[in-house]
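Asks: Here's a structure for you.
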Protein chains: 2
Amino acid sequence: MSDGTVLLSHGSGGVQSQELIEQIFVRHLGNATLDGMEDSAVVDAPEGGRIALTTDSFVVQPLFFPGGDIGKLSVCGTVNDLSMRGARPVYLTSGFIIEEGFPLAQLERIVASQAATAQAAGVRVVAGDTKVVERGKGDGVFINTAGVGVLPQGIDISAGNAQVGDVVLVNGAVGDHGLAIMTLREGLAFSSPLRSDCAPLNDLVASMLAACPAIHVLRDPTRGGLATTLNELAQRSRVGIEIEESQVPVHTEVAAAAELLGLDPLYSANEGKLIAIVPEAEAPALLRAMRSHPLGAEAAVIGRVTETYPGTVILRTLLGTRRVLDMLSGEQLPRIC
Amino acid sequence: MSDGTVLLSHGSGGVQSQELIEQIFVRHLGNATLDGMEDSAVVDAPEGGRIALTTDSFVVQPLFFPGGDIGKLSVCGTVNDLSMRGARPVYLTSGFIIEEGFPLAQLERIVASQAATAQAAGVRVVAGDTKVVERGKGDGVFINTAGVGVLPQGIDISAGNAQVGDVVLVNGAVGDHGLAIMTLREGLAFSSPLRSDCAPLNDLVASMLAACPAIHVLRDPTRGGLATTLNELAQRSRVGIEIEESQVPVHTEVAAAAELLGLDPLYSANEGKLIAIVPEAEAPALLRAMRSHPLGAEAAVIGRVTETYPGTVILRTLLGTRRVLDMLSGEQLPRIC
């Protein structure tokens, strides 16, 4: 490890691989299970009869951004995917694909960030893998995480569960992550840089479920943003969704950056936001629970589920007109997560 | 999807992502869980109190080779890592990172191969993810799979469990995968091309455990080959291991190719081989069980666990001399899996 960068031999499975794993990965992520360096980790099965499983690869560029980095993102993304079924995230696996020549100091920052985020979210990284590809055959670091969560009895949260008459909520302003990345890439200078909203949502979801166990749908609007995710929910549940543009929270500086870049915050990725769909009667209690959590202070009711135009999302604009809010088509923001 | 290659928009999370997932991934891997296209899959928790978890990324080049391809490899690697703890593999997750411009027809072959291998191994792919990176920022396709297995009660198989006096077995000839890949890369022509041994070992392991529940150690000698893996076992178990070179099966054509390329089959990767370490009294029954399975027909006893030089592997050579068989140092075979 003398020249301070990752070498092909760090991916060989031999002496150098072992050094890399021990000096960076085990040092930061270390726990009894990971330290064993077995082919697979043996852990207690989560209680309760059902588990949730998910996987996500992270290819974000740049690797470091205001509010986070690829290591933090790799934990939040998978923790949030588990949380969106109402599951309590318990175990993560982590696979790194590293480009030859990547600075070891940056790798260590990423792993340390992954470890800190996992600890904050209360999950354990129990299995890992490291591969190295030649210079020019990768792009710094790609990370895959998979997650295992335990699903409490009685929870049935699914993209297909929205009912006509339900109310649609979000836990805060949309578009922060996408616009933070894009302004950074475009080299736009603002008096204060836009910050990604990257955050693990499991604790917020636990508070929400405590206040309102009958939540029908939870979904995090990542790639494709709020608009695309709402379309998925409308399709899966075979319902219409009507959104009030005036009620969708967007930070002023995000709206300004979006206008400058010709982007739409409704189609921009979020990494610490969720959409919740609940029976109307439960909405006030849920909104209160969300607002009393640090990650839901700006929560809002943004629309409702309708029986007209199943599979379609309608936006009531600021001007009072109605238009179809389509799914993202084409590539607005490559490698946003 | 008109020009027949993967576009950046296939990774956007929008319409084109949905099309790619439905037309290729769900079509081949489809099952009730995956079809739901939820943020995470909800599945029955494996019974029995303990589960095994593992993850592996696959960056092999070339993507297609005699005996397999990256899709098959991505299932075998993870199924085998679970099997090496004595766990029964049940669920897989699968994350693809695809380079822009990759031919859709090749992607489909890879996914179909992944699906066929999963079916053959009796595991279900229950969650997936697809990302696309720009041309020149990846290399065709990288795949990560994570796996969940159920660990039967009473099984305690670990790299740290080898005991002095134990016997060391392998289930067949070593070096096939590594030499198959290297001869292909080097463009070497043989009358019959070398074939990778790529295979899921869970059924073989089930037969072995039925014959001999007291197996101390199982490990698949992948990157770094037999020699490196034996060193890991010697270190973890704090024992010496002595190997009889004459007893280690190596296919004649593999030995010939290795000599031509200046490689050593003992350090070449395997993708369908395992090392088993068992009490001496159990070895004959285990060897019989292995030999009666199609993936163990060439099984052999190759050495024993000793108390001399803990952490060290000694090779008794064909000439009758003894030498230390070190761990792989440096990079012999980049991107072999």
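Quick note on naming: the chains in the structure tokens go A, B, ... in the order shown, residues restart at 1 in each chain, and ligands are numbered from 1 in order of appearance.
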Can you list, as a VMD selection string, every residue of region 57-272 of chain B that DSSP puts in strand (DSSP E)?
Replies: chain B and resid 57 to 58 64 to 65 68 to 69 88 to 99 124 to 133 141 to 150 167 to 170 217 to 219 240 to 244
Asks: What lies within 12 Å of His251 (chain A) using only C-alpha atoms, ignoring chain neighbours under 6 positions off, as a list of chain:residue names?
Replies: A:Gly172, A:Ala173, A:Val174, A:Gly175, A:Asp176, A:His177, A:Leu179, A:Ala180, A:Leu194, A:Arg195, A:Ser196, A:Asp197, A:Ala257, A:Ala258, A:Pro265, A:Leu266, A:Glu298
Asks: Please report as a ChimeraX atom specification which residues of chain B come no farther than 7 Å from chain A, using only C-alpha atoms.
Replies: /B:8-9,12-16,38-45,49-57,81-82,84-85,93-95,127-129,131,133,136-139,144,146,159,223-224,228,327-331,334-335
Asks: Find the residues near Leu260 (chain A): any atom within 12 Å, counting only C-alpha atoms, skip ones fewer than 3 places away on the same chain, and give them as a list in words.
Replies: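 Final neighbour list, sorted by chain and number: Leu179, Met182, Thr183, Glu186, Leu188, Ala189, Phe190, Glu253, Val254, Ala255, Ala256, Ala257, Leu263, Asp264 and Pro265 of chain A.
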Asks: Give me, please, the distance in Å between CA of Ile215 (chain B) and CA of Ile277 (chain B), quoted to one decimal.
Replies: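 Distance reported for this atom pair: 6.4 Å.
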Asks: If you run DSSP on the backbone here, which positions in region 76-320 of chain A get helix (DSSP H, G or I)? Please write them as an NGL selection string.
Replies: :A and (76-83 or 104-121 or 176-186 or 202-211 or 225-237 or 245-247 or 252-261 or 265-267 or 280-291 or 294-296)
Asks: Please indicate the distance in Å from CA of Ile21 (chain B) to CA of Gly303 (chain A), rounded to one decimal place.
Replies: 28.8 Å
Asks: Could you give me, as a list in words, the residues within 9 Å of Arg291 (chain A), counting only C-alpha atoms and dropping anything in the same chain fewer than 6 positions from it?
Replies: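 My list of contacting residues is Asn171, Ala297, Glu298, Ala299 and Ala300 of chain A.
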Asks: Would you write out those residues with N, CA and C atoms, as a short mmCIF file (atom, residue, chain, number, x, y, z; two decimals), in the first residue's frame?
Replies:
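Done, and the output landed in again.cif:
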data_model
loop_
_atom_site.label_atom_id
_atom_site.label_comp_id
_atom_site.auth_asym_id
_atom_site.auth_seq_id
_atom_site.Cartn_x
_atom_site.Cartn_y
_atom_site.Cartn_z
N ASN A 171 -42.24 14.05 3.61
CA ASN A 171 -41.64 14.45 4.88
C ASN A 171 -40.80 15.73 4.77
N ALA A 297 -39.57 17.73 9.80
CA ALA A 297 -40.00 19.06 10.26
C ALA A 297 -40.78 19.82 9.18
N GLU A 298 -40.45 19.55 7.91
CA GLU A 298 -41.12 20.27 6.82
C GLU A 298 -42.18 19.40 6.14
N ALA A 299 -42.65 18.37 6.84
CA ALA A 299 -43.63 17.45 6.24
C ALA A 299 -44.89 18.21 5.82
N ALA A 300 -45.54 17.68 4.78
CA ALA A 300 -46.73 18.35 4.26
C ALA A 300 -47.65 17.34 3.60
#
Asks: Between A:Pro62, A:Pro310, A:Gly101, A:Gly68, single out the one closest to Pro200 (chain A), counting only C-alpha atoms.
Replies: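 When distances to Pro200 (chain A) are compared using only C-alpha atoms, the smallest one comes from A:Gly68.
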Asks: Please, what distance in Å, to one decimal, runs between CA of Gln247 (chain B) and CA of Leu73 (chain B)?
Replies: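 Result for CA of Gln247 (chain B) versus CA of Leu73 (chain B): 27.5 Å, one decimal.
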Asks: Which one of B:Ile275, B:Val164, B:Val90, B:Leu319 sits closest to Arg304 (chain B) if you count only C-alpha atoms?
Replies: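 Ranked by minimum distance to Arg304 (chain B), first place goes to B:Val164.
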Asks: Neighbours of Arg27 (chain B) within 10 Å (only C-alpha atoms; same-chain residues fewer than 6 positions away dropped), as an NGL selection string?
Replies: :B and (20-21 or 35 or 108 or 111-112 or 115)
Asks: Have a look at A:Val167, A:Lys72, A:Asp3, A:Arg88 and name the one nearest to Glu100 (chain A); count only C-alpha atoms.
Replies: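 When distances to Glu100 (chain A) are compared using only C-alpha atoms, the smallest one comes from A:Asp3.
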